[in-house]
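Next up, work-v2.cif (mmCIF, C-alpha atoms):
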```cif
data_start
#
loop_
_atom_site.group_PDB
_atom_site.id
_atom_site.type_symbol
_atom_site.label_atom_id
_atom_site.label_comp_id
_atom_site.auth_asym_id
_atom_site.auth_seq_id
_atom_site.Cartn_x
_atom_site.Cartn_y
_atom_site.Cartn_z
ATOM 1 C CA MET A 1 0.000 0.000 0.000
ATOM 2 C CA ALA A 2 1.522 3.307 -1.132
ATOM 3 C CA LEU A 3 1.705 6.264 1.246
ATOM 4 C CA ARG A 4 -1.086 8.768 1.735
ATOM 5 C CA ARG A 5 -0.817 12.241 3.217
ATOM 6 C CA ASN A 6 -1.096 12.255 7.004
ATOM 7 C CA PHE A 7 0.479 13.989 10.010
ATOM 8 C CA PHE A 8 3.576 11.775 9.985
ATOM 9 C CA VAL A 9 4.160 12.143 6.239
ATOM 10 C CA GLU A 10 3.826 15.929 6.579
ATOM 11 C CA LEU A 11 6.280 15.965 9.505
ATOM 12 C CA PHE A 12 8.754 13.819 7.563
ATOM 13 C CA TRP A 13 8.507 16.146 4.527
ATOM 14 C CA LYS A 14 9.276 19.127 6.768
ATOM 15 C CA LEU A 15 12.230 17.545 8.593
ATOM 16 C CA HIS A 16 13.825 15.542 5.793
ATOM 17 C CA PRO A 17 15.440 18.379 3.774
ATOM 18 C CA GLY A 18 17.134 19.795 6.873
ATOM 19 C CA LEU A 19 18.495 16.427 7.981
ATOM 20 C CA TYR A 20 19.705 15.668 4.469
ATOM 21 C CA SER A 21 21.407 19.040 4.118
ATOM 22 C CA LEU A 22 22.917 18.970 7.605
ATOM 23 C CA THR A 23 24.447 15.509 7.060
ATOM 24 C CA GLY A 24 25.370 15.871 3.394
ATOM 25 C CA GLY A 25 22.852 13.159 2.531
ATOM 26 C CA ARG A 26 24.163 10.573 5.016
ATOM 27 C CA ILE A 27 20.740 10.752 6.687
ATOM 28 C CA GLY A 28 17.862 10.718 4.226
ATOM 29 C CA GLY A 29 20.019 10.113 1.164
ATOM 30 C CA LYS A 30 17.932 7.061 0.242
ATOM 31 C CA ILE A 31 14.252 6.305 0.662
ATOM 32 C CA MET A 32 12.759 2.921 -0.190
ATOM 33 C CA GLY A 33 15.955 2.011 -2.015
ATOM 34 C CA MET A 34 15.975 5.117 -4.223
ATOM 35 C CA PRO A 35 18.455 8.001 -4.064
ATOM 36 C CA VAL A 36 17.188 11.360 -2.823
ATOM 37 C CA LEU A 37 18.044 14.860 -3.967
ATOM 38 C CA LEU A 38 17.166 18.279 -2.598
ATOM 39 C CA LEU A 39 15.377 20.521 -5.088
ATOM 40 C CA THR A 40 15.354 24.261 -4.394
ATOM 41 C CA THR A 41 12.850 26.301 -6.371
ATOM 42 C CA LYS A 42 11.833 29.939 -6.125
ATOM 43 C CA GLY A 43 8.333 30.305 -4.674
ATOM 44 C CA ARG A 44 6.115 31.508 -7.503
ATOM 45 C CA LYS A 45 4.139 33.763 -5.146
ATOM 46 C CA SER A 46 6.624 34.581 -2.387
ATOM 47 C CA GLY A 47 9.834 34.655 -4.419
ATOM 48 C CA GLN A 48 11.500 32.854 -1.487
ATOM 49 C CA PRO A 49 13.615 29.706 -1.882
ATOM 50 C CA ARG A 50 11.691 26.486 -1.233
ATOM 51 C CA THR A 51 13.526 23.192 -0.731
ATOM 52 C CA VAL A 52 12.036 19.708 -0.911
ATOM 53 C CA ALA A 53 13.545 16.232 -0.844
ATOM 54 C CA LEU A 54 12.608 13.990 -3.781
ATOM 55 C CA THR A 55 13.495 10.490 -4.886
ATOM 56 C CA TYR A 56 15.127 10.511 -8.293
ATOM 57 C CA LEU A 57 16.503 8.370 -11.054
ATOM 58 C CA PRO A 58 19.998 9.308 -12.249
ATOM 59 C CA SER A 59 20.221 9.537 -16.028
ATOM 60 C CA GLY A 60 23.686 10.581 -17.156
ATOM 61 C CA GLU A 61 24.154 14.164 -15.925
ATOM 62 C CA SER A 62 20.384 14.556 -15.534
ATOM 63 C CA CYS A 63 18.028 13.540 -12.735
ATOM 64 C CA ILE A 64 14.458 12.326 -13.237
ATOM 65 C CA VAL A 65 11.767 13.156 -10.661
ATOM 66 C CA ILE A 66 8.029 12.564 -10.599
ATOM 67 C CA ALA A 67 5.485 15.151 -9.435
ATOM 68 C CA SER A 68 3.191 12.538 -7.903
ATOM 69 C CA CYS A 69 2.092 14.335 -4.705
ATOM 70 C CA LEU A 70 1.087 10.844 -3.481
ATOM 71 C CA GLY A 71 -1.577 10.691 -6.190
ATOM 72 C CA GLU A 72 -3.492 13.761 -5.035
ATOM 73 C CA GLU A 73 -5.562 15.759 -7.521
ATOM 74 C CA LYS A 74 -3.240 18.767 -7.442
ATOM 75 C CA HIS A 75 0.324 19.150 -8.562
ATOM 76 C CA PRO A 76 2.862 19.603 -5.766
ATOM 77 C CA ALA A 77 3.922 23.189 -5.011
ATOM 78 C CA TRP A 78 7.500 22.489 -6.118
ATOM 79 C CA TYR A 79 6.224 21.533 -9.558
ATOM 80 C CA ARG A 80 4.161 24.731 -9.854
ATOM 81 C CA ASN A 81 7.234 26.690 -8.805
ATOM 82 C CA LEU A 82 9.425 25.172 -11.506
ATOM 83 C CA GLU A 83 6.697 25.768 -14.100
ATOM 84 C CA ALA A 84 7.071 29.466 -13.258
ATOM 85 C CA GLU A 85 10.893 29.326 -13.117
ATOM 86 C CA PRO A 86 12.545 26.209 -14.561
ATOM 87 C CA LEU A 87 16.092 27.239 -13.586
ATOM 88 C CA VAL A 88 16.491 25.584 -10.163
ATOM 89 C CA GLU A 89 19.169 24.143 -7.899
ATOM 90 C CA ILE A 90 19.635 20.565 -6.789
ATOM 91 C CA GLU A 91 21.871 18.923 -4.235
ATOM 92 C CA ALA A 92 22.656 15.283 -4.923
ATOM 93 C CA GLY A 93 25.594 13.167 -3.886
ATOM 94 C CA GLY A 94 27.065 16.026 -1.864
ATOM 95 C CA ARG A 95 27.151 18.299 -4.911
ATOM 96 C CA LYS A 96 25.031 21.405 -5.534
ATOM 97 C CA ARG A 97 24.380 22.544 -9.079
ATOM 98 C CA LYS A 98 22.042 24.579 -11.223
ATOM 99 C CA VAL A 99 19.711 22.622 -13.476
ATOM 100 C CA ARG A 100 16.930 23.428 -15.893
ATOM 101 C CA ALA A 101 13.670 21.540 -15.478
ATOM 102 C CA ARG A 102 11.583 20.308 -18.364
ATOM 103 C CA VAL A 103 8.582 18.016 -18.493
ATOM 104 C CA ALA A 104 9.066 14.793 -20.439
ATOM 105 C CA ASP A 105 6.331 13.826 -22.873
ATOM 106 C CA GLY A 106 5.462 11.141 -25.385
ATOM 107 C CA ALA A 107 7.639 8.048 -25.558
ATOM 108 C CA GLU A 108 10.321 9.649 -23.366
ATOM 109 C CA ARG A 109 7.776 10.192 -20.578
ATOM 110 C CA GLU A 110 6.490 6.635 -20.809
ATOM 111 C CA THR A 111 10.006 5.158 -20.730
ATOM 112 C CA LEU A 112 11.062 7.282 -17.754
ATOM 113 C CA TRP A 113 7.806 6.592 -15.900
ATOM 114 C CA ARG A 114 8.295 2.862 -16.352
ATOM 115 C CA GLN A 115 11.906 3.043 -15.141
ATOM 116 C CA MET A 116 10.841 4.930 -12.005
ATOM 117 C CA ALA A 117 7.789 2.753 -11.307
ATOM 118 C CA ASP A 118 9.828 -0.418 -11.764
ATOM 119 C CA ARG A 119 12.078 0.800 -8.932
ATOM 120 C CA LEU A 120 9.249 2.209 -6.798
ATOM 121 C CA PRO A 121 5.872 0.624 -7.667
ATOM 122 C CA ASP A 122 4.028 3.173 -5.494
ATOM 123 C CA TYR A 123 4.096 5.513 -8.522
ATOM 124 C CA ASP A 124 1.731 3.203 -10.419
ATOM 125 C CA GLU A 125 -0.650 3.254 -7.454
ATOM 126 C CA TYR A 126 -0.460 7.057 -7.248
ATOM 127 C CA ALA A 127 -1.461 7.217 -10.913
ATOM 128 C CA THR A 128 -4.645 5.263 -10.130
ATOM 129 C CA ARG A 129 -5.608 7.733 -7.375
ATOM 130 C CA THR A 130 -5.817 10.794 -9.601
ATOM 131 C CA THR A 131 -7.344 11.947 -12.858
ATOM 132 C CA ARG A 132 -4.390 14.241 -13.596
ATOM 133 C CA ARG A 133 -1.488 13.098 -15.728
ATOM 134 C CA ILE A 134 1.392 12.975 -13.269
ATOM 135 C CA PRO A 135 4.349 14.921 -14.674
ATOM 136 C CA VAL A 136 7.747 13.311 -15.160
ATOM 137 C CA VAL A 137 10.392 16.010 -14.842
ATOM 138 C CA VAL A 138 13.899 15.929 -16.283
ATOM 139 C CA LEU A 139 16.420 18.079 -14.413
ATOM 140 C CA GLU A 140 19.225 18.773 -16.890
ATOM 141 C CA PRO A 141 22.490 20.629 -16.327
ATOM 142 C CA ALA A 142 21.750 24.340 -16.766
ATOM 143 C CA SER A 143 24.407 24.522 -19.454
ATOM 144 C CA ALA A 144 22.602 21.893 -21.560
ATOM 145 C CA THR A 145 21.064 23.118 -24.760
ATOM 146 C CA ALA A 146 17.309 23.666 -24.502
ATOM 147 C CA ARG A 147 15.237 21.253 -26.555
#
```

Whole structure, structure tokens version:
Amino acid sequence: MALRRNFFVELFWKLHPGLYSLTGGRIGGKIMGMPVLLLTTKGRKSGQPRTVALTYLPSGESCIVIASCLGEEKHPAWYRNLEAEPLVEIEAGGRKRKVRARVADGAERETLWRQMADRLPDYDEYATRTTRRIPVVVLEPASATAR
């Protein structure tokens, strides 16, 4: 049974980025067998930095994340923030860097979704909980040529 939002999940989401950052990823660097990165976006309303911890799939110099929000009907705030400003920062493997976010579509999206869901089957369950198409986001080095 995949997670659902509750008090403990909310508390974990609030504490996890700080623990990860404080320990350089030694605590919280993996969840359910998947690596974790910290994504820092600029709040689309506040303009303030917002940091969340996300599981990801390494793909060369890029990182793949899924905006599942546990299968809720709304996109997560971090996703809305990167829609407004796709140039963001990540911290993964003890290294901080600027990346540009883009949403995968078509065959690329399906391939990446399958790769993520094969490693963490909860994603397939989240997809059954919502009518929205859950975005698959590619975080590419900021110096990469835009597609």

**OP:** Taking the file as shown, find all residues satisfying the PyMOL selection byres ((chain A and resi 143) around 12) and write them as a list of chain:residue names.
**Re:**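 Against this file, the PyMOL selection byres ((chain A and resi 143) around 12) returns the residues A:Glu61, A:Ser62, A:Leu87, A:Arg97, A:Lys98, A:Val99, A:Arg100, A:Ala101, A:Leu139, A:Glu140, A:Pro141, A:Ala142, A:Ala144, A:Thr145, A:Ala146.
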
**OP:** Find the residues near Lys45 of chain A: any atom within 10 Å, counting all atoms listed in the file, skip ones fewer than 2 places away on the same chain, and give them as a list in words.
**Re:** Lys42, Gly43, Gly47, Gln48, Asn81 and Ala84 of chain A

Could you save those same residues with C-alpha atoms as a compact mmCIF listing (two decimals), keeping the file's coordinate frame?
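Saved as part_37.txt:
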```txt
# COMPACT_ATOMS: atom_id res chain seq x y z
CA LYS A 42 11.83 29.94 -6.12
CA GLY A 43 8.33 30.30 -4.67
CA GLY A 47 9.83 34.66 -4.42
CA GLN A 48 11.50 32.85 -1.49
CA ASN A 81 7.23 26.69 -8.80
CA ALA A 84 7.07 29.47 -13.26
```

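Here atom CA of Leu38 of chain A is placed at a distance of 5.6 Å from atom CA of Val52 of chain A.
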
**OP:** Check which residues satisfy the PyMOL selection byres ((chain A and resi 55) around 10) in the file shown, then give them as a PyMOL selection string.
**Re:** chain A and resi 29-38+53-54+56-58+63-66+116+120

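Atom pair atom CA of Asp122 of chain A / atom CA of Glu85 of chain A: separated by 28.1 Å.
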
Subject >> Exercise: Arg132 of chain A partners within 9 Å, all atoms listed in the file, chain neighbours under 3 positions left out, as a list in words >> reply: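 Within the cut-off, the hits are Gly71, Glu72, Glu73, Lys74, His75, Ala127 and Pro135 of chain A.
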
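Taking atom CA of Arg95 of chain A as the reference point, atom CA of Trp78 of chain A is found at 20.1 Å.
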
Original post:
Between A:Thr111, A:Thr40, A:Ser21, A:Ser68, which one has atoms that come closest to Thr128 of chain A, using all atoms listed in the file?
Top reply: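 Closest to Thr128 of chain A of all the choices is A:Ser68.
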
**OP:** Using the chain letters and numbering of this document, enumerate as a count of residues only the residues selected by the PyMOL selection byres ((chain A and resi 93) around 8).
**Re:** 7

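If you measure from each of A:Asp118, A:Glu110, A:Asp124, A:Glu89 to Thr41 of chain A using all atoms listed in the file, the closest one turns out to be A:Glu89.
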